[in-house]
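K.L.:
Sharing my_file-v6.cif, mmCIF, C-alpha atoms (C1' of nucleotides):
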data_start
loop_
_atom_site.label_atom_id
_atom_site.label_comp_id
_atom_site.auth_asym_id
_atom_site.auth_seq_id
_atom_site.Cartn_x
_atom_site.Cartn_y
_atom_site.Cartn_z
CA MET U 1 -3.92 -24.17 5.30
CA GLU U 2 -1.61 -27.17 5.29
CA TYR U 3 2.12 -26.69 5.12
CA LYS U 4 5.38 -28.23 6.22
CA VAL U 5 8.24 -26.34 7.76
CA TYR U 6 11.81 -27.41 7.11
CA LYS U 7 15.10 -25.83 8.15
CA ASN U 8 15.24 -23.22 5.40
CA LYS U 9 11.91 -23.57 3.65
CA ILE U 10 8.16 -23.80 4.00
CA VAL U 11 6.27 -26.03 1.56
CA MET U 12 2.56 -25.89 0.76
CA GLN U 13 0.42 -28.23 -1.37
CA ASN U 14 -2.80 -27.19 -3.13
CA SER U 15 -2.78 -23.89 -1.31
CA SER U 16 -5.85 -22.13 -2.65
CA GLU U 17 -5.46 -19.50 0.09
CA PHE U 18 -1.88 -18.59 -0.84
CA ASP U 19 -0.86 -17.15 -4.21
CA ILE U 20 2.37 -15.19 -4.12
CA LYS U 21 1.43 -13.13 -7.19
CA HIS U 22 -1.86 -12.09 -5.58
CA ILE U 23 -0.15 -11.36 -2.26
CA LEU U 24 2.58 -9.15 -3.68
CA GLU U 25 0.59 -7.40 -6.38
CA CYS U 26 -2.39 -6.27 -4.36
CA GLY U 27 -0.64 -3.03 -3.38
CA GLN U 28 0.30 -3.72 0.23
CA VAL U 29 4.04 -4.16 -0.29
CA PHE U 30 6.64 -2.52 -2.50
CA ARG U 31 9.89 -4.30 -1.71
CA TYR U 32 9.81 -7.34 -3.96
CA LYS U 33 10.93 -8.34 -7.40
CA VAL U 34 10.27 -10.96 -10.01
CA VAL U 35 13.06 -13.51 -10.38
CA GLU U 36 13.29 -16.65 -12.52
CA SER U 37 9.95 -18.41 -12.11
CA GLY U 38 9.21 -16.80 -8.79
CA TYR U 39 9.41 -13.77 -6.53
CA GLU U 40 11.88 -12.37 -4.07
CA VAL U 41 10.45 -10.36 -1.17
CA TYR U 42 12.29 -8.28 1.41
CA ALA U 43 10.99 -7.46 4.88
CA LEU U 44 13.10 -5.55 7.40
CA GLU U 45 16.45 -7.40 7.25
CA HIS U 46 14.96 -10.64 5.91
CA LYS U 47 14.53 -12.10 2.45
CA ALA U 48 12.37 -14.88 1.04
CA ARG U 49 12.28 -16.49 -2.39
CA VAL U 50 8.90 -17.90 -3.31
CA TYR U 51 8.38 -20.39 -6.10
CA CYS U 52 5.14 -21.81 -7.37
CA GLN U 53 5.04 -24.92 -9.54
CA LYS U 54 1.75 -26.61 -10.30
CA ASP U 55 0.20 -27.35 -6.89
CA THR U 56 3.30 -26.71 -4.81
CA THR U 57 4.44 -23.41 -3.36
CA THR U 58 7.83 -23.24 -1.69
CA ILE U 59 9.13 -20.39 0.42
CA PHE U 60 12.91 -20.43 0.74
CA CYS U 61 14.03 -18.11 3.52
CA ASP U 62 16.54 -17.32 6.24
CA ASP U 63 13.99 -17.46 9.07
CA THR U 64 10.93 -19.71 8.76
CA THR U 65 9.38 -18.49 12.02
CA PHE U 66 9.57 -14.90 10.86
CA PHE U 67 7.96 -15.68 7.50
CA GLN U 68 5.16 -17.85 8.93
CA LYS U 69 4.15 -14.78 10.87
CA TYR U 70 4.84 -12.42 7.94
CA PHE U 71 2.66 -14.39 5.54
CA ASP U 72 -0.12 -14.54 8.14
CA PHE U 73 -0.24 -18.34 8.36
CA ASP U 74 -2.44 -18.31 11.47
CA THR U 75 -5.42 -16.67 9.78
CA ASP U 76 -8.23 -18.70 8.20
CA TYR U 77 -8.75 -17.09 4.80
CA ALA U 78 -11.32 -19.63 3.67
CA LYS U 79 -13.54 -18.46 6.51
CA ILE U 80 -13.00 -14.77 5.73
CA LYS U 81 -13.78 -15.34 2.07
CA SER U 82 -16.98 -17.20 2.87
CA GLU U 83 -18.07 -14.27 5.04
CA LEU U 84 -17.32 -11.72 2.30
CA ARG U 85 -19.04 -13.52 -0.58
CA ASP U 86 -22.19 -11.40 -0.51
CA THR U 87 -22.41 -9.60 -3.86
CA GLU U 88 -21.47 -10.27 -7.45
CA ILE U 89 -18.50 -7.92 -7.40
CA LEU U 90 -17.11 -9.50 -4.20
CA GLU U 91 -17.62 -12.95 -5.67
CA ASN U 92 -15.64 -11.98 -8.77
CA ALA U 93 -12.94 -10.24 -6.75
CA LEU U 94 -12.57 -13.22 -4.41
CA GLU U 95 -12.16 -15.51 -7.39
CA LEU U 96 -9.58 -13.33 -9.14
CA GLY U 97 -7.54 -12.65 -6.00
CA SER U 98 -8.23 -15.95 -4.29
CA GLY U 99 -4.71 -16.27 -2.90
CA ILE U 100 -4.44 -12.79 -1.35
CA ARG U 101 -3.24 -12.59 2.27
CA ILE U 102 -2.57 -9.50 4.35
CA LEU U 103 1.10 -9.42 5.29
CA ARG U 104 2.22 -8.66 8.84
CA GLN U 105 4.67 -5.90 7.93
CA ASP U 106 6.85 -3.61 9.96
CA PRO U 107 5.13 -0.34 10.98
CA LEU U 108 8.13 1.93 10.31
CA GLU U 109 8.67 0.49 6.85
CA ILE U 110 4.98 0.95 6.12
CA ILE U 111 4.85 4.53 7.41
CA ILE U 112 7.70 5.57 5.11
CA SER U 113 6.40 3.54 2.17
CA PHE U 114 2.88 4.94 2.26
CA ILE U 115 3.93 8.57 2.69
CA ILE U 116 5.83 8.07 -0.57
CA SER U 117 2.78 6.37 -2.10
CA ALA U 118 0.55 9.46 -1.99
CA ASN U 119 -0.45 10.58 -5.50
CA ASN U 120 2.30 8.39 -6.90
CA ASN U 121 2.53 5.31 -9.06
CA ILE U 122 3.72 1.89 -7.94
CA PRO U 123 6.83 1.50 -10.13
CA ARG U 124 8.13 4.83 -8.87
CA ILE U 125 7.31 4.05 -5.22
CA LYS U 126 9.24 0.80 -5.56
CA LYS U 127 12.21 2.54 -7.11
CA SER U 128 12.39 5.25 -4.44
CA LEU U 129 12.26 2.67 -1.63
CA GLU U 130 14.86 0.49 -3.30
CA ARG U 131 17.28 3.39 -3.55
CA LEU U 132 16.61 4.41 0.05
CA CYS U 133 17.51 0.91 1.24
CA GLU U 134 20.60 0.76 -0.97
CA ARG U 135 21.94 3.96 0.52
CA TYR U 136 20.85 3.74 4.18
CA GLY U 137 20.10 0.06 4.82
CA VAL U 138 22.58 -2.55 6.03
CA LYS U 139 23.92 -4.68 3.20
CA LYS U 140 22.87 -8.31 3.58
CA GLY U 141 24.72 -10.16 0.85
CA GLU U 142 23.12 -9.15 -2.43
CA TYR U 143 20.22 -7.19 -0.93
CA TYR U 144 19.69 -4.41 1.61
CA ALA U 145 17.75 -4.24 4.84
CA PHE U 146 15.24 -1.47 5.43
CA PRO U 147 16.99 1.41 7.26
CA THR U 148 16.54 1.62 11.01
CA LEU U 149 14.83 4.66 12.52
CA GLN U 150 18.21 5.87 13.75
CA LYS U 151 19.57 5.75 10.20
CA LEU U 152 16.49 7.40 8.74
CA LYS U 153 16.98 10.36 11.03
CA LYS U 154 20.22 11.09 9.17
CA VAL U 155 18.64 11.22 5.69
CA PRO U 156 18.64 14.78 4.31
CA GLU U 157 15.72 16.19 2.34
CA ALA U 158 17.95 16.45 -0.73
CA PHE U 159 18.39 12.69 -0.77
CA PHE U 160 14.65 12.06 -0.74
CA LEU U 161 14.42 14.47 -3.69
CA GLU U 162 17.23 12.67 -5.46
CA ILE U 163 15.45 9.32 -5.28
CA GLY U 164 12.28 10.79 -6.77
CA CYS U 165 10.09 11.49 -3.76
CA GLY U 166 9.28 14.94 -5.15
CA TYR U 167 7.23 17.22 -2.91
CA ARG U 168 6.92 14.44 -0.33
CA ALA U 169 10.60 14.91 0.62
CA PRO U 170 10.00 17.52 3.34
CA TYR U 171 7.06 15.49 4.71
CA LEU U 172 9.33 12.48 5.12
CA VAL U 173 12.02 14.44 6.95
CA LYS U 174 9.47 16.04 9.26
CA THR U 175 7.73 12.75 10.04
CA ILE U 176 10.99 10.89 10.71
CA GLN U 177 11.97 13.56 13.20
CA MET U 178 8.60 13.14 14.93
CA LEU U 179 8.91 9.35 15.15
CA SER U 180 10.26 7.37 18.09
CA GLU U 181 10.29 3.66 18.89
CA LYS U 182 7.94 4.41 21.74
CA PHE U 183 5.44 6.15 19.47
CA ILE U 184 5.53 3.28 16.96
CA GLN U 185 5.01 0.66 19.67
CA SER U 186 2.25 2.60 21.40
CA LEU U 187 -0.06 2.29 18.40
CA TYR U 188 -0.33 -1.51 18.69
CA SER U 189 -2.54 -1.35 21.75
CA MET U 190 -4.24 1.96 21.04
CA ASP U 191 -7.93 2.27 20.27
CA ILE U 192 -8.40 2.50 16.49
CA ILE U 193 -9.90 6.01 16.52
CA GLU U 194 -7.08 7.30 18.70
CA ALA U 195 -4.38 5.54 16.66
CA ARG U 196 -5.73 7.04 13.45
CA LYS U 197 -5.74 10.49 15.04
CA GLU U 198 -2.11 10.06 16.14
CA LEU U 199 -1.01 8.94 12.67
CA ILE U 200 -2.69 11.89 10.95
CA LYS U 201 -0.52 14.20 13.06
CA LEU U 202 2.46 12.96 11.04
CA SER U 203 3.45 15.04 8.03
CA GLY U 204 2.30 13.56 4.74
CA VAL U 205 -0.21 11.30 6.49
CA GLY U 206 -3.89 11.92 5.82
CA GLY U 207 -6.87 9.63 6.22
CA LYS U 208 -6.04 7.25 3.42
CA VAL U 209 -2.36 6.81 4.29
CA ALA U 210 -3.28 6.42 7.98
CA ASP U 211 -5.65 3.59 7.05
CA CYS U 212 -2.92 1.89 5.01
CA ILE U 213 -0.53 2.14 7.95
CA LEU U 214 -3.14 0.69 10.31
CA LEU U 215 -4.01 -2.15 7.97
CA PHE U 216 -0.61 -3.13 6.62
CA GLY U 217 1.65 -2.03 9.48
CA TYR U 218 -0.54 -2.91 12.46
CA TYR U 219 -2.89 -5.54 11.01
CA ARG U 220 -5.96 -3.51 11.99
CA THR U 221 -8.42 -5.11 9.63
CA ASN U 222 -11.41 -2.92 10.53
CA VAL U 223 -10.25 -0.09 8.26
CA PHE U 224 -10.81 0.43 4.53
CA PRO U 225 -8.25 2.61 2.69
CA CYS U 226 -10.01 4.51 -0.08
CA ASP U 227 -7.94 5.54 -3.10
CA THR U 228 -8.80 6.37 -6.72
CA TRP U 229 -9.33 2.69 -7.63
CA ILE U 230 -11.61 1.98 -4.70
CA LYS U 231 -13.58 5.08 -5.57
CA LYS U 232 -14.22 3.59 -9.00
CA VAL U 233 -15.38 0.34 -7.40
CA TYR U 234 -17.73 2.28 -5.12
CA VAL U 235 -19.28 4.27 -7.96
CA GLN U 236 -19.49 1.43 -10.48
CA HIS U 237 -20.40 -1.56 -8.31
CA PHE U 238 -22.02 -0.15 -5.16
CA ASN U 239 -24.19 2.45 -6.86
CA GLY U 240 -22.17 5.12 -5.06
CA ASP U 241 -22.10 8.89 -5.41
CA CYS U 242 -18.91 9.98 -7.20
CA LYS U 243 -18.84 13.24 -5.19
CA LEU U 244 -18.67 11.50 -1.83
CA PRO U 245 -15.30 12.16 -0.11
CA ALA U 246 -12.92 9.25 0.40
CA GLY U 247 -13.37 9.27 4.17
CA LYS U 248 -17.13 8.71 3.82
CA ILE U 249 -16.64 5.89 1.32
CA SER U 250 -14.23 4.29 3.75
CA GLU U 251 -16.78 4.56 6.57
CA TYR U 252 -19.43 3.00 4.37
CA PHE U 253 -17.34 -0.09 3.70
CA VAL U 254 -16.28 -0.46 7.34
CA SER U 255 -19.93 -0.40 8.36
CA LEU U 256 -20.57 -3.08 5.73
CA TYR U 257 -17.72 -5.47 6.51
CA GLY U 258 -16.51 -4.66 10.03
CA ASN U 259 -13.39 -6.58 10.96
CA ASN U 260 -13.24 -8.01 7.44
CA ALA U 261 -13.17 -4.56 5.82
CA GLY U 262 -9.41 -4.56 5.25
CA PHE U 263 -9.57 -7.95 3.54
CA ALA U 264 -12.50 -6.83 1.36
CA GLN U 265 -10.53 -3.76 0.36
CA GLN U 266 -7.58 -5.84 -0.83
CA TYR U 267 -9.71 -8.16 -2.96
CA LEU U 268 -11.57 -5.23 -4.52
CA TYR U 269 -8.44 -3.18 -5.14
CA TYR U 270 -6.63 -6.09 -6.78
CA TYR U 271 -9.66 -6.84 -8.92
CA LYS U 272 -10.17 -3.28 -10.12
CA ARG U 273 -6.51 -2.61 -10.94
CA LEU U 274 -6.15 -5.85 -12.87
CA LYS U 275 -9.33 -5.27 -14.84
CA GLU U 276 -8.35 -1.71 -15.67
CA LYS U 277 -4.85 -2.81 -16.75
CA LYS U 278 -6.39 -5.43 -19.00
CA LYS U 279 -8.75 -2.86 -20.51
CA VAL U 280 -5.86 -0.50 -21.33
CA LYS U 281 -4.01 -3.37 -22.99
CA GLU U 282 -7.05 -4.27 -25.09
CA ILE U 283 -7.44 -0.69 -26.28
CA LYS U 284 -3.77 -0.57 -27.20
CA ASN U 285 -4.01 -3.76 -29.22
CA GLY U 286 -7.14 -2.52 -31.00
"C1'" DC Y 1 0.12 18.77 -25.38
"C1'" DC Y 2 -2.85 16.17 -22.19
"C1'" DC Y 3 -4.06 13.03 -18.02
"C1'" DC Y 4 -2.92 10.04 -14.22
"C1'" DA Y 5 -0.70 7.79 -10.14
"C1'" DG Y 6 -2.83 3.74 -3.47
"C1'" DG Y 7 -3.53 12.15 -1.51
"C1'" DC Y 8 -1.92 15.68 1.32
"C1'" DG Y 9 -1.20 20.48 3.08
"C1'" DA Y 10 -2.46 25.10 2.85
"C1'" DC Y 11 -5.81 28.17 2.16
"C1'" DT Y 12 -10.46 29.64 1.82
"C1'" DC Y 13 -15.33 30.25 3.35
"C1'" DG T 1 -16.05 21.32 8.89
"C1'" DA T 2 -16.27 21.03 3.67
"C1'" DG T 3 -14.48 22.65 -0.94
"C1'" DT T 4 -10.46 24.03 -4.06
"C1'" DC T 5 -5.85 24.00 -5.62
"C1'" DG T 6 -0.98 23.25 -6.24
"C1'" DC T 7 2.23 19.89 -5.92
"C1'" DA T 8 7.34 16.80 -8.17
"C1'" DT T 9 7.99 13.34 -11.19
"C1'" DG T 10 7.68 9.73 -14.64
"C1'" DG T 11 4.68 7.04 -17.82
"C1'" DG T 12 1.07 6.49 -21.27
#
If you took the structure in this file and wrote it as C-alpha cells, what would it be?

P.N.:
Amino acid sequence: MEYKVYKNKIVMQNSSEFDIKHILECGQVFRYKVVESGYEVYALEHKARVYCQKDTTTIFCDDTTFFQKYFDFDTDYAKIKSELRDTEILENALELGSGIRILRQDPLEIIISFIISANNNIPRIKKSLERLCERYGVKKGEYYAFPTLQKLKKVPEAFFLEIGCGYRAPYLVKTIQMLSEKFIQSLYSMDIIEARKELIKLSGVGGKVADCILLFGYYRTNVFPCDTWIKKVYVQHFNGDCKLPAGKISEYFVSLYGNNAGFAQQYLYYYKRLKEKKKVKEIKNG
DNA sequence: CCCCAGGCGACTC
DNA sequence: GAGTCGCATGGG
C-alpha cells in the first residue's frame, strides 16, 4: 500500500486495501462515529479523523506513528486476499469488504468491549462504552480516553448497570479485579491454546469472546470468532450442520484458513451483516 | 405480544 | 464433556 506521512496526517491514493467504512463497520471496534463526510475513531487516548474523497483517503491524527501501527500498515492485504479467494462466498465477501483491515487495538479496551458485546447489539455496546469513557476516561479536548486499568478498578457495579450493561455488570467488575498489567502483557507471548485458556478464566469471557480478544486485542489471526452471523454463513454457504456448537464451527474454519482465519472471519461477518441489513430494508419497503 | 442482538454462567445428566 | 435455560436491555 502506498502512502505519504506528513506531520499531522497520512495520505493514501487509490488505496484498494483501505476503506474506512469497511474497517470500522466490520465489528472489531466500537469507539468511532460518523462526522461530516468522514469518520472519527478513538483508540486509547488518541483520536483520528478519516476522510475519503474519490481516490484519496486522508487520516488526520495526533500521532502518525501510532496510527500507522493501529491501521496495520505493515500487512500485505492484497496477498491475504489472494490466498483467501477460494470459494464463491469468499470471493463475494472479499469484493464487498475489500478495504477491511484488522486494527491493532489495545487488549484492555478489547477485553472490556467484548464482555459487553455478549448477546448484545452494536448500537448499545457503543453507547455503553461511550458513557464509560465519559465518566472514567481522561478528557482530551472534546473526546475522552479509554479508562486506565487503575481507573476501571474503581467502577462500581451500579455504574455498569446504569450505562446499560445489564447482567454483564457483575462480570465486568469481577474481571477487572482479576486483571493486572502483568496478566495483560503475558498473553502477547503465550501459546495460543494457553492464552485462550487464561482468557476464559475471566468472568463473562467464553470461547467466542476469548477469540475476539485474541484477534482484535492481540492480533492473533489464527482464530475464528463464531457468533450468530457466522453461524448463518456456515450453514448457508459451507453446507454446515446448524446444530454444531460454535466452538466446532470455529475449529473448522481455523483448519481451513490457518493464519488467515481471522481475516476470513472479518470479510464473512461484514458480508453477512450487510446482506441481512439490506434484506430487512427491502422487506420494509415492500 | 413476539424475536433478536458479535454468548455466558449455572445447572443438569 | 455436552445440552438446556435464564439473563438485562433496547430495537424492530

K.L.:
Calculate how many Å separate CA of Gly217 in chain U from CA of Leu108 in chain U, rounding to one decimal.

P.N.:
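Separation between CA of Gly217 in chain U and CA of Leu108 in chain U: 7.6 Å.
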
K.L.:
On this structure, which residues satisfy the PyMOL selection byres ((chain U) within 7 of (chain T)), written as a ChimeraX atom specification?

P.N.:
/U:164,166-167

K.L.:
Taking only residues of chain U that have an atom at most 9 Å from an atom of chain Y, what is each one's shortest atom pair and its distance in Å to one decimal, using only C-alpha atoms (C1' of nucleotides), in chain and number order, as a tab-separated table?

P.N.:
residue	atom	partner	partner_atom	distance
U:Gly27	CA	Y:DG6	C1'	7.1
U:Gln28	CA	Y:DG6	C1'	8.9
U:Phe114	CA	Y:DG6	C1'	8.2
U:Ser117	CA	Y:DG6	C1'	6.3
U:Ala118	CA	Y:DG7	C1'	4.9
U:Asn119	CA	Y:DG7	C1'	5.3
U:Asn120	CA	Y:DA5	C1'	4.5
U:Asn121	CA	Y:DA5	C1'	4.2
U:Ile122	CA	Y:DA5	C1'	7.7
U:Ser203	CA	Y:DC8	C1'	8.6
U:Gly204	CA	Y:DC8	C1'	5.8
U:Val205	CA	Y:DC8	C1'	7.0
U:Gly206	CA	Y:DC8	C1'	6.2
U:Gly207	CA	Y:DG7	C1'	8.8
U:Lys208	CA	Y:DG7	C1'	7.4
U:Val209	CA	Y:DG7	C1'	8.0
U:Cys212	CA	Y:DG6	C1'	8.7
U:Pro225	CA	Y:DG6	C1'	8.3
U:Cys226	CA	Y:DG6	C1'	8.0
U:Asp227	CA	Y:DG6	C1'	5.4
U:Thr228	CA	Y:DG6	C1'	7.3
U:Trp229	CA	Y:DG6	C1'	7.8

K.L.:
What does the distance from CA of Thr87 in chain U to CA of Tyr271 in chain U come to in Å, to one decimal?

P.N.:
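For CA of Thr87 in chain U relative to CA of Tyr271 in chain U, the distance reads 14.0 Å.
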
K.L.:
Interatomic distance between CA of Ser128 in chain U and CA of Gln68 in chain U?

P.N.:
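It comes out at 27.7 Å.
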
K.L.:
Could you pull out every residue with an atom within 9 Å of (6.8, 15.4, 4.3), file coordinates, counting all atoms listed in the file, and send them as a list in words?

P.N.:
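Protein, DNA and RNA residues close to (6.8, 15.4, 4.3): Ile115, Ile116, Tyr167, Arg168, Ala169, Pro170, Tyr171, Leu172, Val173, Lys174, Thr175, Ile176, Leu202, Ser203, Gly204 and Val205 of chain U.
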
K.L.:
Spell out the residues picked by the PyMOL selection byres ((chain U and resi 72) around 9) here, as a list of chain:residue names.

P.N.:
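This file, filtered by the PyMOL selection byres ((chain U and resi 72) around 9), leaves U:Phe67, U:Gln68, U:Lys69, U:Tyr70, U:Phe71, U:Phe73, U:Asp74, U:Thr75, U:Arg101, U:Ile102, U:Leu103, U:Arg104.
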
K.L.:
Counting only C-alpha atoms (C1' of nucleotides), find the residues whose atoms lie at most 12 Å from (9.2, -22.3, -14.0) (file coordinates) and write them out as a ChimeraX atom specification.

P.N.:
/U:35-39,50-54,56-57

K.L.:
Would you please work out which residue, of U:Tyr269, U:Tyr218, U:Phe146, U:Phe183, is nearest to Lys232 in chain U when using all atoms listed in the file?

P.N.:
U:Tyr269

K.L.:
Quick one: residues within 10 Å of range 77-80 of chain U, all atoms listed in the file counted, chain neighbours fewer than 3 positions away excluded, as a PyMOL selection string?

P.N.:
chain U and resi 1+16-18+72-74+83-85+98-102+259-260+263-264

K.L.:
I need the output of the PyMOL selection byres ((chain U and resi 32) around 12) for this file as a ChimeraX atom specification; which residues are they?

P.N.:
/U:20-21,23-25,27-31,33-35,38-44,46-50,122-123,125-127,129-130,143-144

K.L.:
Using the file's own x, y and z axes, what box holds all listed atoms of range 238-257 of chain U with 5 Å on each side, keeping edges along x, y and z, and what are its centre and edge lengths in Å to one decimal, as lines of an AutoDock Vina configuration file?

P.N.:
center_x = -18.6
center_y = 3.9
center_z = 0.6
size_x = 21.3
size_y = 28.7
size_z = 25.6
